[in-house]
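Report on the following structure.
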Protein chains: 2
Amino acid sequence: MHVDALKKELRDRRWRMTPQREQILKVFIETNSEHLGAEEVYRYLLNKRINVSKATVYRTVDLLVELGFLRRLQFDEGVYRYELVDKQNKHSHFICNSCGKIYELKNELSPEFVMKEYIDLLNGNGYIVEEFDIKFRGICPKCSEKQLKKHRKSK
Amino acid sequence: MHVDALKKELRDRRWRMTPQREQILKVFIETNSEHLGAEEVYRYLLNKRINVSKATVYRTVDLLVELGFLRRLQFDEGVYRYELVDKQNKHSHFICNSCGKIYELKNELSPEFVMKEYIDLLNGNGYIVEEFDIKFRGICPKCSEKQLKKHRKSK
DNA sequence: GTACATGCAAAAGCTTTGCATCTTC
DNA sequence: GAAGATGCAAAGCTTTTGCATGTAC
C-alpha cells in the first residue's frame with residue numbers, strides 16, 4: 001500500500017513520518033489522483049476537518065515528488081498539479097478544449113508503444129531520452145457526441 | 001515578412017500598430033525564437049536602449065499569441081516562455097537535464113510523422129485531436145559526448 | 001532530548017490591472 | 001477627436017521562506 005511504502009522510504013532516508021504526510025498522500029489515493037493542485041489538496045483536507053497548513057501542503061507535495069510518489073504537471077495555467085506515479089501504467093494526457101476535463105490515455109490508448117521507434121531515432125542521433133511527456137488538446141468523446149446530437153436536432 | 005503580417009492582421013481587426021508591438025515581435029525574430037520569457041524580452045529591449053514597459057511586454061506577448069504569431073510554452077519552471085509559430089515546421093522540444101538547453105526537434109527529427117498513426121487511433125476512439133505537444137528530457141548529444149570524453153580520459 | 005516538521009505570517013516572483021497620459025487612425 | 005495603447009505603480013496569485021513552537025524517533 002502507498003502509505004506503507006512512504007513510511008518505509010522515509011525511514012530509509014532517516015526522515016520522519018507524520019500525520020500530515022500520510023493525509024496528503026491519501027488525498028491523491030482517495031481522489032483517484034485527479035491532478036490536484038496544492039490549493040485543492042489544502043481545501044480537500046479542510047473539508048474533511050483535517051488541519052494541515054498550506055505551507056505543509058506545498059512542502060509535502062515537493063517531498064512526495066522527490067521521493068517518486070507524485071509527478072508534477074503543468075497544463076498551461078498558473079498552477080502546478082500533481083498525480084500519483086504509476087510506473088506500470090504510463091499514460092499521457094488529453095485536455096478537452098470544450099469541457100476542460102483532463103483524460104488519461106493509458107493501456108491500449110497509451111502512446112508509449114508508437115513512441116518507442118521514435119525514441120530509437122533520437123537515440124541514434126545522440127539524444128538520450130530519460131522521460132517524455134505528451135499533451136493532447138481537442139474535443140473529448142463526450143463533448144463531440146453532445147455536439148453531434150445538437151447538430152442532428154437542429155436539422 | 002513577420003512585421004508586415006502583423007500590420008495586416010492588426011489592421012484587419014481594427015487594432016493598432018505601434019512601435020512597441022513591432023519591436024517585441026522583432027525580438028523573437030532576431031533571437032531566432034529562443035524560448036524567451038516576458039522578463040527576458042524586456043531586458044533584451046532595455047539592452048538595446050529601446051524603451052518598452054514590462055506591462056506592455058506582457059500585454060503584447062498575449063496579443064501575439066492571440067493573433068497566432070507566438071506560442072506559449074511551459075518548461076516546468078515558474079514562467080511562461082514564447083516561441084514564433086511556424087506552421088510549416090512543427091517541432092517538439094528536448095530539454096537537456098545536464099546543461100538545460102532546449103532543443104527543437106524538427107524536420108527529420110520531428111515526431112510528427114510517427115504520431116500520425118497514433119492520432120488516428122485516438123480519432124477512432126472519439127477523441128478529436130486539435131493539437132499536441134511533446135517534451136523530452138534527457139541528455140543532449142553535446143553533454144553525452146562530454147561525459148564520454150571524461151570517461152575515456154579517466155581510464 | 002534533539003533533530004526534524006509544522007504553522008503562521010511575511011516575503012518573493014511572476015503576471016495582471018487601474019488609471020492618467022499619450023498615440024494611432 | 002476618439003478609441004485604443006502605453007507606462008507606472010499597485011494589486012493579485014501562487015509558491016517559498018524565516019522563525020517560533022510542536023512532535024517523532
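The chains in the C-alpha cells are called A, B, ... from first to last as shown; in each chain the residues are counted from 1, and the ligands are counted from 1 in the order shown.
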
Just need chain B moved onto chain A: least-squares over all Cα atoms matched in order, then output as an mmCIF file with C-alpha atoms, in the first residue's frame.
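Just written: superposed-v1.cif:
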data_model
loop_
_atom_site.group_PDB
_atom_site.id
_atom_site.type_symbol
_atom_site.label_atom_id
_atom_site.label_comp_id
_atom_site.auth_asym_id
_atom_site.auth_seq_id
_atom_site.Cartn_x
_atom_site.Cartn_y
_atom_site.Cartn_z
ATOM 1 C CA MET B 1 0.058 0.009 0.016
ATOM 2 C CA HIS B 2 1.213 3.527 -0.789
ATOM 3 C CA VAL B 3 1.270 4.775 2.792
ATOM 4 C CA ASP B 4 3.463 1.905 3.925
ATOM 5 C CA ALA B 5 5.832 2.516 1.050
ATOM 6 C CA LEU B 6 6.059 6.137 2.151
ATOM 7 C CA LYS B 7 6.826 5.080 5.735
ATOM 8 C CA LYS B 8 9.559 2.782 4.528
ATOM 9 C CA GLU B 9 11.055 5.361 2.171
ATOM 10 C CA LEU B 10 11.139 8.010 4.904
ATOM 11 C CA ARG B 11 12.654 5.623 7.441
ATOM 12 C CA ASP B 12 15.347 4.615 4.955
ATOM 13 C CA ARG B 13 16.285 8.229 4.465
ATOM 14 C CA ARG B 14 16.130 9.081 8.163
ATOM 15 C CA TRP B 15 13.210 11.396 7.641
ATOM 16 C CA ARG B 16 10.028 11.335 9.666
ATOM 17 C CA MET B 17 6.566 10.052 9.090
ATOM 18 C CA THR B 18 3.896 12.459 10.251
ATOM 19 C CA PRO B 19 0.094 12.463 10.181
ATOM 20 C CA GLN B 20 0.197 15.361 7.720
ATOM 21 C CA ARG B 21 2.342 13.476 5.237
ATOM 22 C CA GLU B 22 0.093 10.454 5.450
ATOM 23 C CA GLN B 23 -3.050 12.523 4.969
ATOM 24 C CA ILE B 24 -1.683 14.399 1.994
ATOM 25 C CA LEU B 25 -0.607 11.242 0.219
ATOM 26 C CA LYS B 26 -4.028 9.744 0.953
ATOM 27 C CA VAL B 27 -5.768 12.661 -0.737
ATOM 28 C CA PHE B 28 -4.271 11.551 -4.042
ATOM 29 C CA ILE B 29 -5.259 7.958 -3.457
ATOM 30 C CA GLU B 30 -8.811 8.830 -2.397
ATOM 31 C CA THR B 31 -9.406 11.229 -5.272
ATOM 32 C CA ASN B 32 -8.043 8.708 -7.726
ATOM 33 C CA SER B 33 -5.128 11.000 -8.511
ATOM 34 C CA GLU B 34 -7.273 13.731 -10.049
ATOM 35 C CA HIS B 35 -4.476 16.153 -11.000
ATOM 36 C CA LEU B 36 -4.971 18.288 -7.923
ATOM 37 C CA GLY B 37 -3.035 21.451 -7.218
ATOM 38 C CA ALA B 38 -1.717 22.352 -3.776
ATOM 39 C CA GLU B 39 -4.647 24.664 -3.084
ATOM 40 C CA GLU B 40 -7.103 21.871 -3.900
ATOM 41 C CA VAL B 41 -5.345 19.397 -1.650
ATOM 42 C CA TYR B 42 -5.549 21.967 1.128
ATOM 43 C CA ARG B 43 -9.278 22.532 0.589
ATOM 44 C CA TYR B 44 -9.994 18.821 0.363
ATOM 45 C CA LEU B 45 -8.451 18.314 3.782
ATOM 46 C CA LEU B 46 -10.212 21.361 5.215
ATOM 47 C CA ASN B 47 -13.532 19.877 4.110
ATOM 48 C CA LYS B 48 -12.714 16.685 5.940
ATOM 49 C CA ARG B 49 -11.868 18.752 9.027
ATOM 50 C CA ILE B 50 -8.266 17.625 8.863
ATOM 51 C CA ASN B 51 -6.005 20.479 9.858
ATOM 52 C CA VAL B 52 -2.935 20.908 7.726
ATOM 53 C CA SER B 53 -1.444 24.248 6.860
ATOM 54 C CA LYS B 54 -0.987 25.348 3.285
ATOM 55 C CA ALA B 55 2.769 25.625 3.794
ATOM 56 C CA THR B 56 2.877 21.981 4.814
ATOM 57 C CA VAL B 57 0.897 20.994 1.737
ATOM 58 C CA TYR B 58 3.417 22.764 -0.475
ATOM 59 C CA ARG B 59 6.366 21.279 1.378
ATOM 60 C CA THR B 60 4.849 17.811 1.313
ATOM 61 C CA VAL B 61 3.956 17.628 -2.363
ATOM 62 C CA ASP B 62 7.530 18.706 -3.111
ATOM 63 C CA LEU B 63 8.763 15.931 -0.855
ATOM 64 C CA LEU B 64 6.489 13.375 -2.481
ATOM 65 C CA VAL B 65 7.778 14.357 -5.902
ATOM 66 C CA GLU B 66 11.322 14.071 -4.598
ATOM 67 C CA LEU B 67 10.594 10.576 -3.281
ATOM 68 C CA GLY B 68 8.956 9.492 -6.514
ATOM 69 C CA PHE B 69 5.383 9.176 -5.247
ATOM 70 C CA LEU B 70 4.024 12.125 -7.205
ATOM 71 C CA ARG B 71 4.701 13.668 -10.605
ATOM 72 C CA ARG B 72 4.426 17.414 -11.097
ATOM 73 C CA LEU B 73 2.377 18.582 -14.074
ATOM 74 C CA GLN B 74 1.545 21.830 -15.811
ATOM 75 C CA PHE B 75 -1.425 22.420 -18.041
ATOM 76 C CA ASP B 76 -0.750 25.950 -19.238
ATOM 77 C CA GLU B 77 -2.459 27.492 -16.244
ATOM 78 C CA GLY B 78 -0.763 29.346 -13.449
ATOM 79 C CA VAL B 79 -0.545 26.356 -11.101
ATOM 80 C CA TYR B 80 1.328 23.138 -10.606
ATOM 81 C CA ARG B 81 -0.752 19.980 -10.458
ATOM 82 C CA TYR B 82 0.252 16.571 -9.165
ATOM 83 C CA GLU B 83 -0.615 12.963 -9.900
ATOM 84 C CA LEU B 84 0.373 9.634 -8.398
ATOM 85 C CA VAL B 85 3.265 7.991 -10.201
ATOM 86 C CA ASP B 86 2.329 4.609 -11.611
ATOM 87 C CA LYS B 87 5.356 3.202 -13.349
ATOM 88 C CA GLN B 88 3.550 0.121 -14.615
ATOM 89 C CA ASN B 89 0.921 2.231 -16.272
ATOM 90 C CA LYS B 90 2.473 5.158 -18.048
ATOM 91 C CA HIS B 91 -0.001 7.497 -19.667
ATOM 92 C CA SER B 92 -0.372 10.780 -21.484
ATOM 93 C CA HIS B 93 -2.964 13.480 -21.095
ATOM 94 C CA PHE B 94 -5.779 14.692 -23.282
ATOM 95 C CA ILE B 95 -7.281 18.033 -22.284
ATOM 96 C CA CYS B 96 -10.700 18.827 -23.707
ATOM 97 C CA ASN B 97 -10.871 22.333 -25.159
ATOM 98 C CA SER B 98 -14.611 22.294 -24.638
ATOM 99 C CA CYS B 99 -15.214 20.994 -21.093
ATOM 100 C CA GLY B 100 -11.702 21.288 -19.708
ATOM 101 C CA LYS B 101 -11.596 17.724 -18.390
ATOM 102 C CA ILE B 102 -8.213 16.042 -18.329
ATOM 103 C CA TYR B 103 -8.235 12.471 -19.597
ATOM 104 C CA GLU B 104 -5.520 9.902 -19.043
ATOM 105 C CA LEU B 105 -4.621 7.959 -22.160
ATOM 106 C CA LYS B 106 -3.454 4.621 -20.837
ATOM 107 C CA ASN B 107 -3.227 0.959 -21.752
ATOM 108 C CA GLU B 108 -4.357 0.416 -25.334
ATOM 109 C CA LEU B 109 -4.731 4.176 -25.774
ATOM 110 C CA SER B 110 -1.256 4.969 -24.471
ATOM 111 C CA PRO B 111 1.198 6.452 -26.971
ATOM 112 C CA GLU B 112 4.072 4.586 -25.284
ATOM 113 C CA PHE B 113 4.088 1.935 -27.946
ATOM 114 C CA VAL B 114 4.310 4.118 -31.059
ATOM 115 C CA MET B 115 6.866 6.332 -29.347
ATOM 116 C CA LYS B 116 9.332 3.503 -28.980
ATOM 117 C CA GLU B 117 10.521 3.624 -32.559
ATOM 118 C CA TYR B 118 10.797 7.392 -32.470
ATOM 119 C CA ILE B 119 12.884 7.286 -29.301
ATOM 120 C CA ASP B 120 15.189 4.834 -31.043
ATOM 121 C CA LEU B 121 15.599 7.465 -33.744
ATOM 122 C CA LEU B 122 16.532 10.089 -31.148
ATOM 123 C CA ASN B 123 18.961 7.680 -29.507
ATOM 124 C CA GLY B 124 20.555 7.048 -32.880
ATOM 125 C CA ASN B 125 21.137 10.805 -33.113
ATOM 126 C CA GLY B 126 22.844 11.132 -29.759
ATOM 127 C CA TYR B 127 19.891 12.152 -27.608
ATOM 128 C CA ILE B 128 19.498 9.986 -24.516
ATOM 129 C CA VAL B 129 15.805 10.126 -23.603
ATOM 130 C CA GLU B 130 15.127 9.749 -19.897
ATOM 131 C CA GLU B 131 11.471 10.691 -19.925
ATOM 132 C CA PHE B 132 8.858 12.256 -22.125
ATOM 133 C CA ASP B 133 5.542 13.903 -21.693
ATOM 134 C CA ILE B 134 2.814 14.321 -24.285
ATOM 135 C CA LYS B 135 -0.242 16.513 -24.051
ATOM 136 C CA PHE B 136 -3.072 16.495 -26.516
ATOM 137 C CA ARG B 137 -5.756 19.104 -26.789
ATOM 138 C CA GLY B 138 -8.979 18.814 -28.690
ATOM 139 C CA ILE B 139 -12.553 17.679 -28.188
ATOM 140 C CA CYS B 140 -13.229 14.700 -25.952
ATOM 141 C CA PRO B 141 -15.650 11.898 -26.891
ATOM 142 C CA LYS B 142 -18.396 13.242 -24.595
ATOM 143 C CA CYS B 143 -18.286 16.759 -25.964
ATOM 144 C CA SER B 144 -18.111 15.722 -29.600
ATOM 145 C CA GLU B 145 -21.066 13.418 -28.986
ATOM 146 C CA LYS B 146 -23.010 16.304 -27.464
ATOM 147 C CA GLN B 147 -22.287 18.540 -30.428
ATOM 148 C CA LEU B 148 -23.376 15.798 -32.777
ATOM 149 C CA LYS B 149 -26.738 15.454 -31.006
ATOM 150 C CA LYS B 150 -27.314 19.185 -31.026
ATOM 151 C CA HIS B 151 -26.561 19.238 -34.719
ATOM 152 C CA ARG B 152 -28.990 16.408 -35.428
ATOM 153 C CA LYS B 153 -31.811 18.094 -33.495
ATOM 154 C CA SER B 154 -31.357 21.378 -35.303
ATOM 155 C CA LYS B 155 -31.992 19.742 -38.648
#

Original post:
For chain D, which residues have at least one atom within 12 Å of chain A, if we go by only C-alpha atoms (C1' of nucleotides)? Write them as JSON, numbers by chain, please.
Top reply: {"D": [13, 14, 15, 16, 17, 23, 24, 25]}

For those residues, write C-alpha atoms (C1' of nucleotides) to a file as a PDB file, in the first residue's frame.
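For reference, again-v8.pdb as written:
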ATOM      1  C1'  DC D  13      -1.896  34.830  -7.393  1.00  0.00           C
ATOM      2  C1'  DT D  14       0.778  31.052  -6.476  1.00  0.00           C
ATOM      3  C1'  DT D  15       4.673  29.452  -4.119  1.00  0.00           C
ATOM      4  C1'  DT D  16       8.583  29.871  -0.824  1.00  0.00           C
ATOM      5  C1'  DT D  17      10.749  31.068   3.499  1.00  0.00           C
ATOM      6  C1'  DT D  23       6.498  16.329  17.626  1.00  0.00           C
ATOM      7  C1'  DA D  24       8.589  11.878  16.002  1.00  0.00           C
ATOM      8  C1'  DC D  25      12.202   8.994  16.863  1.00  0.00           C
TER       9       DC D  25
END

Original post:
Would you give me, as a VMD selection string, the residues in range 28-130 of chain B that DSSP reads as strand (DSSP E or B)?
Top reply: chain B and resid 36 to 37 70 to 74 80 to 84 92 to 96 102 to 105 128 to 130

Restricted to N, CA, C and O atoms, what would the selected residues look like written as a short mmCIF file (atom, residue, chain, number, x, y, z; two decimals), in the first residue's frame?
data_model
loop_
_atom_site.label_atom_id
_atom_site.label_comp_id
_atom_site.auth_asym_id
_atom_site.auth_seq_id
_atom_site.Cartn_x
_atom_site.Cartn_y
_atom_site.Cartn_z
N LEU B 36 12.06 32.77 -25.20
CA LEU B 36 12.21 33.82 -24.20
C LEU B 36 10.95 33.95 -23.35
O LEU B 36 9.84 33.73 -23.83
N GLY B 37 11.15 34.36 -22.11
CA GLY B 37 10.05 34.74 -21.24
C GLY B 37 9.87 36.25 -21.31
O GLY B 37 10.72 36.96 -21.87
N LEU B 70 2.76 33.94 -31.88
CA LEU B 70 3.57 33.25 -30.87
C LEU B 70 2.81 32.07 -30.28
O LEU B 70 1.58 32.04 -30.31
N ARG B 71 3.57 31.13 -29.74
CA ARG B 71 3.01 30.01 -28.99
C ARG B 71 3.55 30.13 -27.56
O ARG B 71 4.71 30.44 -27.36
N ARG B 72 2.67 29.88 -26.60
CA ARG B 72 3.08 29.96 -25.20
C ARG B 72 3.53 28.59 -24.72
O ARG B 72 2.84 27.59 -24.95
N LEU B 73 4.67 28.53 -24.04
CA LEU B 73 5.23 27.27 -23.59
C LEU B 73 5.50 27.28 -22.10
O LEU B 73 5.69 28.34 -21.50
N GLN B 74 5.55 26.12 -21.51
CA GLN B 74 5.97 25.96 -20.12
C GLN B 74 6.97 24.83 -20.04
O GLN B 74 6.77 23.79 -20.67
N TYR B 80 6.23 31.61 -18.06
CA TYR B 80 5.80 31.29 -19.41
C TYR B 80 6.88 31.71 -20.38
O TYR B 80 7.49 32.75 -20.23
N ARG B 81 7.11 30.88 -21.39
CA ARG B 81 8.05 31.21 -22.45
C ARG B 81 7.28 31.25 -23.77
O ARG B 81 6.19 30.71 -23.86
N TYR B 82 7.88 31.86 -24.77
CA TYR B 82 7.18 32.05 -26.04
C TYR B 82 8.10 31.73 -27.19
O TYR B 82 9.31 31.94 -27.11
N GLU B 83 7.53 31.22 -28.27
CA GLU B 83 8.30 30.97 -29.48
C GLU B 83 7.46 31.36 -30.69
O GLU B 83 6.23 31.37 -30.62
N LEU B 84 8.14 31.70 -31.78
CA LEU B 84 7.43 32.03 -33.01
C LEU B 84 6.69 30.79 -33.51
O LEU B 84 7.24 29.69 -33.47
N SER B 92 9.02 19.50 -31.75
CA SER B 92 8.88 19.23 -30.33
C SER B 92 10.15 19.66 -29.63
O SER B 92 11.10 20.07 -30.28
N HIS B 93 10.13 19.58 -28.31
CA HIS B 93 11.27 20.09 -27.55
C HIS B 93 11.99 18.99 -26.78
O HIS B 93 11.37 18.09 -26.24
N PHE B 94 13.30 19.13 -26.76
CA PHE B 94 14.13 18.24 -25.95
C PHE B 94 14.89 19.12 -24.97
O PHE B 94 15.61 20.03 -25.38
N ILE B 95 14.70 18.89 -23.68
CA ILE B 95 15.37 19.70 -22.67
C ILE B 95 16.47 18.86 -22.04
O ILE B 95 16.22 17.76 -21.53
N CYS B 96 17.69 19.37 -22.09
CA CYS B 96 18.81 18.60 -21.54
C CYS B 96 18.84 18.72 -20.02
O CYS B 96 18.88 19.82 -19.47
N ILE B 102 17.40 23.97 -24.42
CA ILE B 102 16.19 23.46 -25.05
C ILE B 102 16.43 23.29 -26.54
O ILE B 102 16.76 24.26 -27.23
N TYR B 103 16.30 22.08 -27.03
CA TYR B 103 16.50 21.80 -28.45
C TYR B 103 15.15 21.71 -29.15
O TYR B 103 14.17 21.28 -28.55
N GLU B 104 15.14 22.07 -30.42
CA GLU B 104 13.91 21.89 -31.20
C GLU B 104 14.12 20.69 -32.13
O GLU B 104 15.05 20.66 -32.92
N LEU B 105 13.23 19.72 -31.99
CA LEU B 105 13.32 18.52 -32.82
C LEU B 105 12.46 18.75 -34.04
O LEU B 105 11.24 18.62 -33.99
N ILE B 128 -11.09 14.01 -30.69
CA ILE B 128 -10.70 14.83 -31.82
C ILE B 128 -9.48 15.66 -31.42
O ILE B 128 -9.56 16.56 -30.58
N VAL B 129 -8.32 15.33 -31.99
CA VAL B 129 -7.08 16.00 -31.59
C VAL B 129 -6.91 17.28 -32.38
O VAL B 129 -6.91 17.28 -33.60
N GLU B 130 -6.81 18.39 -31.68
CA GLU B 130 -6.60 19.67 -32.36
C GLU B 130 -5.13 20.08 -32.33
O GLU B 130 -4.64 20.73 -33.24
#

**OP:** At a cut-off of 12 Å, list the chain C residues touching chain B, using only C-alpha atoms (C1' of nucleotides), as a list of chain:residue names.
**Re:** C:DG13, C:DC14, C:DT15, C:DT16, C:DT17, C:DT23, C:DT24, C:DC25

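For the pair C1' of DT6 in chain D and C1' of DC22 in chain C, the separation is 7.4 Å.
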